[in-house]
Structures are given as structure tokens and as C-alpha cells.
Amino acid sequence: MNSESEMSKGVSGKMKKYLQMGIWCFSLLIFVGYVLVWIVRPTNIFYLQWFPDIEAKADSVFFGEQGTIILIYTFPILLIATLAGLYLHLEQKRSNHNSESKGRFLGLVSWKRPLLTKGPLGIITMTELSFAIMFVLLLIWTFCSYLHSMFASAAQDAAKERDQVWEVKLEYSAIALGLVGNICLALLFFPVTRGSSILRFIGLTSEGSIKYHIWLGHTAMILFTAHGLGYIIFWYKTHQILEIFKWNKVGVSNVAGEVSLLAGLIMWAATLPSIRRKAFELFFYTHYLYIVFVIFYVLHLGFSSSCVVLPGFYLFMIDRYLRFLQSQQKIRLLSARVLPCEAVELNFSKNLGLSYAPTSTIFINVPSISKLQWHPFTVTSCSDTDPDTLSVVIKSSGTWSNSLYQNLSSSSSSPLSHLDVSIEGPYGPGSTFYSRHELLVLISGGSGITPFISIIRSLVFKANTEGGKTPRVLLLCAFKKCIDLSMIDLILPVSATSTTFDVSRLQLQIEAYVTREKQPDMNDKRLTQTSWFKPNLLDEPVCEILGKNSWLYLSIIISSSFILFLLLIGILTRYYIYPIDHNTDLIYPNLSRSSLSMLFICVSIAIVATSAFLWNKKQNKDLGQIKSIYASDQSTSPGSGYYNADKELGSLPLQSLVQTANVHYGEKPDIKKILSGCDGSSIGVLVSGPRKMRHEVASICTSCSTDDLHFESLSFSW
């Protein structure tokens, strides 16, 4: 019976693998066709042959012209997103939540190495540079092709409008700049879609793709600003300055475009480093103007033309609404450890079925501090070693985090009994590469150690499991003061579960550097304190927003909401707009059509996503787990309030980690010397810390002679 069961599992596994391969190939074919459309789009072949032919065949009283644009630009990407969700669902079932990468692309290691380490763009790999060059070439090609096509009739159009030729060319240049900016806008929202199936499908995360959003945002705003200025100059020179205040019933609306551009400029100004770093809240709140930007962008062009950039924003809206639903739940906060280094570890109750990869992040909101602010933090726990808890470390470094620290640390006389917390996430990579190397070098500066805590915990679990093969681990951590060494105590959790894992089975070497003190401070007697919180029946454990089959449900939401949207606009067009307009787009107001279309998108997403969320909440709500946690708390917790956690630490192998670490006082790590002395045919280097440190390590890895060296710069949040 066992052999038959194993055989059936093997056959099922192969079928899933072949199905995944088919999905991957089909998605690649669709994407190639989609890119080809963008390449051919600015040419006469597309506008005079392809588009009219497709429009004639797709002409429908149900959708009109927007149906053709949806078919060409929107449908392919949403189909890829749906297929990507199915692919990830099969991958999840086939790998049984194993977060370790199998190393499918080991031959491309050299392409993932840092190529450029200095400059405004940050650390750039060969792969990123190659795609960036191809993208810039696409922008240049599109702009030149539009100008070539439009300038051919510039003299004739100038004579007809009684303008000078250069003035007509200026207008056409402004149009071309706007059309090129649409390419950037079409991609702008993909990197910030945290639960994106497309990003995970191609091996990226939203956290690691933020720089692409920044590049696209800067480029788009440069092009749109030039587009707007070009038109203002054209109107001024041709004595049509009143066009600025024109809102056409049909066609392009100038006022809407100006409002959209103004919202974009305000957001753009708030991204300046001097503003973003010194007044982050201003940067954060002004970014909500993206809603104004998008709405008036659609009203500017009309919904039909805006469908060119719809896919990215459509997927972003689904993700944003799902995050909104998740954020309405209050999460069960079990305890908080207050460290002497002015850092706090928060421990939340977690659903047993929730699995996540190391270096994942969550977004936290504490209503008692701010109802609007959400802050990202790196998850320090591991779903293998901490099956029922999820932990983060928060360092007191800003207004929000300092308020949280003060609330938790200054309440020793009047301890908090409960703290309302909401969470979005966790979000993280689909797989990791850490176990495939002989040597793993982890380099951190300050609180940059937080992503490495989850990595080390996962490796400890693997080392303690039967047949688990793990690399040698070298942890280089630099701190400013001796008191910051207490961060090392967080490498293993303070829980009963942690006692079953022997950290000595992992070949771990810790080299700690205290840069601003030459000897340990023997007068500092501050100890780690732990606060336990009372349970609340309304609180829930952290769980996946759509349950265990989240990728499958995401595919269903994408496809079902899009179908519902098509039904709504089809009914609207056929029975209301078509009898008035007859597909001429010259009678029915663009404002009404665009507003109704945007409303239908919101309604479709809200109906389908809410239904999926409520269904999964009903199916996956684990009341038994919550009750067991309550019972455990009442029988084992020291009660609400603070107590000296030194005894608790002494019963676990945590203290030995600090004691066995080689602490170097009054010096900085010589990273180049340390890396050059590392032996191993396969080395993984991870760095997390200040920008200067990340660039220094990246520069060293660029000149490294090791053939198989994997470099990764982690974006830690604390």
C-alpha cells in the first residue's frame, strides 16, 4: 500500500511539474506578444493596419472602442497574473511549503552579481542594467517613431491651422512625450503590489522592487512634466492660453490633465531625499495623492485610452483592497520584550497553517499611536521554529517607534494589559538560496541584524532535522555601543519550542564589532524585560488573508472580478450608452463614461474580493487554537506586567550565543580582508545595514574571484 501511495504521489508530482512548465511557457508567449505590441504601437503598421483590423473584428455594441483596447492591453496581463497565481498554487502544493530554492538558475549567478555600486541608482546587477537599457531603448524608439510619423504631416497641418511649422512640431513633441510617459505609467504600480502573483512568478518581491517603482516614477514625471510644459508653451505662442481652462465634453480634457499633473508634481517633490528623510510623514501622506492623479488621468484621456495602463493599477487595487480587509482585524499580541538597547520585540499569535520565508516583512498599525500610519518591519521569527508565533523587532529611532517604546518600557509601574495592533502581511520571497552554499556570510550594521535572525533560525531548524544539510555561517555584526549587543540575544526565541533545537548543530561563528566604545560598560545594569498581555476575544492570530490556497483564490479574484466588470460595462454600453452614442464617441460625455467605468471596477473588485475573504475567514477561523492559547496563557504566563527575564534567558542556549561571540571593541570590521580569507567553492554574501556599508560590500563582491558567489542586499525594516 505504501509503495502504491508513493507511486501515485510521484505521478501527481510529475503532472503538476509538467502543468507548471506549460503555464510558464504559455505565459512567456503571451508576454512576448504583449511586448511586441508596445514595440509596434508607435508605427503606422499598428495604427493603419493592425488596430483597425482588430477593431473591425472586435466591434461590439457591448464594449465599443474600449473593448478593442481592453483586448489588446488589459486582458493579456490579467491573464498572465491569473496563470501566475495557478503556477504558484501548484508550486506551493508540490514543494509542501519548502522555502528553500532548488537553484534553477545557477548558471546565471554572474548576472546577479553587483555591476555598478556607486551612483544615484544604487547597487545594480548585470540583469537589472540589461533590462534598464532595453527599457530606455524602447522609450527612445517609441518617441522617435511617433515624431517621425507626426512630423511627416507637420507642414500640411501648420498650413491648415495657420500656425508655424515649429509650433505644430512642438505640439506633436508634447503629444509624443505624453504617449511615452504612458509606458512608464503602465509599469508603475507593479512593484508596489505587495501580494503580486506576477512579481512572485518572476522571482521578485515588492520590497526588493521598490527601486524600480522609484525609477519609473521619476521617468514618468519627467516625461509628463515636459508634456504639460510643451502644451503650455504651444498655447501661449499660438494665443490659445485659455485652453488651460477647457474641459471638453468628449475627447481630451485639459483641466483634468492639469489636476493630475499637479498631484503628480506634489508627490514628486515630496520624494526629494531632504524631505523624505527629515519629514517622512509628509512624504507618506502626500503619496495618497496617487488617487487624485489616477482619477484625473483617466478623466483627462477618457477611460478607453486609459485602458492602456489599466492592468498594473487594476492588480494594485485588488491587492490594496485585500490589505484593507486584513487591516480591519485586530491581532492577538502575546508579549513584548523590551531590550536594553531601546528596541522592542513584539510576539504575535500566529495561525499554525501560516508559512513564510525568512526575511519576510509585515506592516504594523497601532491605533493608540496613529490610526493612519503603517510601518514595515522585518519578521525575525521562523515559521518552522516558531509554529504558533510571529515576531518583529522595533528599534526606537523615530517619532512613531519612540512612542511605542516609551509606552512599553515606561509602564513598569502601571503595565499595559492590552494593546490593539493591526497587521498587513507577511510579504516575502517565495524561496531562498541559503542552504545551497558551503559558506554563508551575513554582514549587518546596527539593526540590520534583524533579517538574519529569521535566516539563522531557519538554518538551525534545518540542521536539527534528519538529513538536514546546512552551510557554515559567519555573522559579522557591527554596533555603535556595547548595549546593542543584546540584539544577538534575539537569534533564538524565548519559548518552550526553542529548547528542542540545538543551535550547536549549526556551524555558526559570530564576530561582533562595537565601533564607538573601547571596552564593555560594566556600569550598565539594564536587563531585558518581558510584558505579557491579556487575551481579547475579538483578537485573532496572524493568518494569510486568503487562507492556505491564497494564490488560487487570488487567481479566482482577478479573473472573476474582471469578468464581472466586463458584464457591467457591457450592459451599460449596450442598453444606455450605445442608443445615445452608437459607438461614435462623439456624443456621450467622457466624464460620465469614465466615472461609471471606474465605479464599476471598484464595485467588481469589492464584491468578489469581499466574498473570497469572508468565505476563507469562515473556513479557516481556528477557534480551537485561540482557546488553547488562552488556556496556555492563563496557566503559564506570569501575568500581565513586567518581570525580570534574566532567569528565563538563563534556561535556554541564548546566553551562550553572546558569550561565544568574538567581540571587537573600538574597531570596524575589515570586510575586504574577511571576505578574501573566506574559503569555499560556493559563497553567499548577504548585507543588511546602512547604505554606505551595502555599497562597500557590493564593491568588494564585484572584484571577488570566486566563481560561484551570490550577493544580496537586504532591505531591512525596523
# chains A, B, ... in the order shown; residues from 1 in each chain; ligands from 1

$ residues_around --residues "range 572-576 of chain A" --least-positions-apart "6" --cutoff "7 Å" --atoms "only C-alpha atoms" --output "JSON, numbers by chain"
{"A": [61, 62, 63]}

$ select_by_dssp --residues "range 365-430 of chain A" --states "alpha helix (DSSP H)" --output "list in words"
Thr399, Trp400, Ser401, Asn402, Ser403, Leu404, Tyr405, Gln406, Asn407, Leu408 and Ser409 of chain A

$ residues_around --residues "range 550-555 of chain A" --least-positions-apart "3" --cutoff "7 Å" --atoms "only C-alpha atoms" --output "ChimeraX atom specification"
/A:82,85-86,88-89,546-547,558-559

$ residues_around --residues "Leu199 in chain A" --least-positions-apart "5" --cutoff "10 Å" --atoms "only C-alpha atoms" --output "list in words"
Ala81, Ala84, Phe190, Pro191, Val192, Thr193, Arg194, Leu204, Thr205, Ser206, Ser209, Pro429 and Gly430 of chain A

$ write_last_selection --atoms "C-alpha atoms" --output "compact mmCIF listing (two decimals), in the first residue's frame"
# COMPACT_ATOMS: atom_id res chain seq x y z
CA ALA A 81 -1.49 37.31 -13.42
CA ALA A 84 0.91 33.05 -12.34
CA PHE A 190 3.53 46.55 -10.43
CA PRO A 191 6.48 46.94 -7.98
CA VAL A 192 4.26 48.28 -5.17
CA THR A 193 1.68 45.48 -5.40
CA ARG A 194 2.83 43.61 -2.30
CA LEU A 204 10.87 39.22 -7.25
CA THR A 205 9.36 40.77 -4.13
CA SER A 206 7.67 44.12 -3.68
CA SER A 209 11.35 46.06 -6.35
CA PRO A 429 10.29 35.86 -1.19
CA GLY A 430 8.84 32.63 -2.46

$ closest_residue --among "A:Leu568, A:Val344, A:Val393, A:Leu419" --to "Gln529 in chain A" --atoms "only C-alpha atoms"
A:Val344

$ atom_distance --atom1 "CA of Leu333 in chain A" --atom2 "CA of Asn536 in chain A"
9.3 Å

$ closest_residue --among "A:Pro52, A:Gly208, A:Pro579, A:Gly666" --to "Glu712 in chain A" --atoms "only C-alpha atoms"
A:Gly208

$ atom_distance --atom1 "CA of Pro311 in chain A" --atom2 "CA of Ala186 in chain A"
7.4 Å

$ atom_distance --atom1 "CA of Thr432 in chain A" --atom2 "CA of Leu686 in chain A"
11.8 Å

$ select_by_dssp --residues "range 79-252 of chain A" --states "strand (DSSP E or B)" --output "PyMOL selection string"
chain A and resi 100+114-116+124-125

$ write_last_selection --atoms "C-alpha atoms" --output "PDB file, in the first residue's frame"
ATOM      1  CA  GLU A 100      14.480  26.651   0.007  1.00  0.00           C
ATOM      2  CA  PRO A 114      26.684  43.739  -8.491  1.00  0.00           C
ATOM      3  CA  LEU A 115      27.924  45.543 -11.576  1.00  0.00           C
ATOM      4  CA  LEU A 116      27.513  49.175 -10.518  1.00  0.00           C
ATOM      5  CA  ILE A 124      22.810  47.492  -9.943  1.00  0.00           C
ATOM      6  CA  THR A 125      23.304  43.949 -11.218  1.00  0.00           C
TER       7      THR A 125
END

$ residues_around --residues "His437 in chain A" --least-positions-apart "3" --cutoff "6 Å" --atoms "only C-alpha atoms" --output "PyMOL selection string"
chain A and resi 471+682-683

$ write_last_selection --atoms "C-alpha atoms" --output "JSON list (two decimals), in the first residue's frame"
[["chain", "number", "residue", "atom", "x", "y", "z"],
["A", 471, "PRO", "CA", 26.24, 25.79, 5.26],
["A", 682, "SER", "CA", 30.23, 28.41, -3.15],
["A", 683, "ILE", "CA", 29.78, 31.54, -1.03]]

$ residues_around --residues "Leu19 in chain A" --least-positions-apart "6" --cutoff "10 Å" --atoms "only C-alpha atoms" --output "MDAnalysis selection string"
chainID A and resid 13 25 86:87 90

$ write_last_selection --atoms "all heavy atoms" --output "short mmCIF file (atom, residue, chain, number, x, y, z; two decimals), in the first residue's frame"
data_model
loop_
_atom_site.label_atom_id
_atom_site.label_comp_id
_atom_site.auth_asym_id
_atom_site.auth_seq_id
_atom_site.Cartn_x
_atom_site.Cartn_y
_atom_site.Cartn_z
N GLY A 13 3.05 14.44 -8.69
CA GLY A 13 4.08 15.47 -8.68
C GLY A 13 4.58 15.79 -10.08
O GLY A 13 4.81 16.95 -10.42
N CYS A 25 5.48 28.44 -20.04
CA CYS A 25 5.72 28.67 -21.47
C CYS A 25 4.60 29.51 -22.09
O CYS A 25 4.86 30.42 -22.89
CB CYS A 25 5.85 27.33 -22.19
SG CYS A 25 7.31 26.38 -21.75
N LEU A 86 -2.04 30.45 -10.49
CA LEU A 86 -2.19 28.99 -10.59
C LEU A 86 -0.85 28.29 -10.50
O LEU A 86 -0.71 27.25 -9.84
CB LEU A 86 -2.89 28.64 -11.92
CG LEU A 86 -4.33 29.11 -12.07
CD1 LEU A 86 -4.84 28.79 -13.47
CD2 LEU A 86 -5.23 28.48 -11.02
N TYR A 87 0.16 28.86 -11.16
CA TYR A 87 1.52 28.30 -11.11
C TYR A 87 2.03 28.26 -9.67
O TYR A 87 2.57 27.25 -9.21
CB TYR A 87 2.44 29.15 -11.99
CG TYR A 87 3.88 28.70 -11.99
CD1 TYR A 87 4.37 27.84 -12.98
CD2 TYR A 87 4.77 29.16 -11.02
CE1 TYR A 87 5.70 27.44 -12.98
CE2 TYR A 87 6.09 28.76 -11.02
CZ TYR A 87 6.55 27.90 -11.99
OH TYR A 87 7.87 27.51 -11.99
N LEU A 90 0.30 25.59 -7.56
CA LEU A 90 0.86 24.26 -7.82
C LEU A 90 2.25 24.11 -7.21
O LEU A 90 2.59 23.06 -6.66
CB LEU A 90 0.93 24.01 -9.33
CG LEU A 90 -0.41 23.90 -10.07
CD1 LEU A 90 -0.19 23.85 -11.57
CD2 LEU A 90 -1.18 22.67 -9.60
#

$ closest_residue --among "A:Glu342, A:Glu65, A:Asp502, A:Glu424" --to "Asn407 in chain A" --atoms "only C-alpha atoms"
A:Glu342

$ residues_around --residues "Ser370 in chain A" --least-positions-apart "2" --cutoff "12 Å" --atoms "only C-alpha atoms" --output "VMD selection string"
chain A and resid 281 364 to 368 372 to 375 399 to 401 403 to 404 420 to 422

$ closest_atom_pairs --of "range 284-366 of chain A" --to "range 169-182 of chain A" --cutoff "9 Å" --atoms "only C-alpha atoms" --output "CSV"
residue,atom,partner,partner_atom,distance
A:Ser306,CA,A:Asn182,CA,8.9
A:Val308,CA,A:Asn182,CA,7.8
A:Val309,CA,A:Asn182,CA,6.8

$ write_last_selection --atoms "N, CA, C and O atoms" --output "mmCIF file, in the first residue's frame"
data_model
loop_
_atom_site.group_PDB
_atom_site.id
_atom_site.type_symbol
_atom_site.label_atom_id
_atom_site.label_comp_id
_atom_site.auth_asym_id
_atom_site.auth_seq_id
_atom_site.Cartn_x
_atom_site.Cartn_y
_atom_site.Cartn_z
ATOM 1 N N SER A 306 -7.291 55.143 -21.417
ATOM 2 C CA SER A 306 -6.613 54.812 -20.161
ATOM 3 C C SER A 306 -6.465 53.310 -19.957
ATOM 4 O O SER A 306 -5.674 52.878 -19.103
ATOM 5 N N VAL A 308 -4.934 51.394 -21.622
ATOM 6 C CA VAL A 308 -3.559 51.034 -21.968
ATOM 7 C C VAL A 308 -2.739 50.794 -20.703
ATOM 8 O O VAL A 308 -1.881 49.916 -20.662
ATOM 9 N N VAL A 309 -2.995 51.590 -19.661
ATOM 10 C CA VAL A 309 -2.224 51.469 -18.420
ATOM 11 C C VAL A 309 -3.049 50.811 -17.306
ATOM 12 O O VAL A 309 -2.632 50.815 -16.146
#

$ closest_residue --among "A:Gly398, A:Lys249, A:Ala263, A:Pro340" --to "Ser592 in chain A" --atoms "only C-alpha atoms"
A:Lys249

$ closest_residue --among "A:Phe533, A:Ser409, A:Ser197, A:Asn44" --to "Met150 in chain A" --atoms "only C-alpha atoms"
A:Asn44
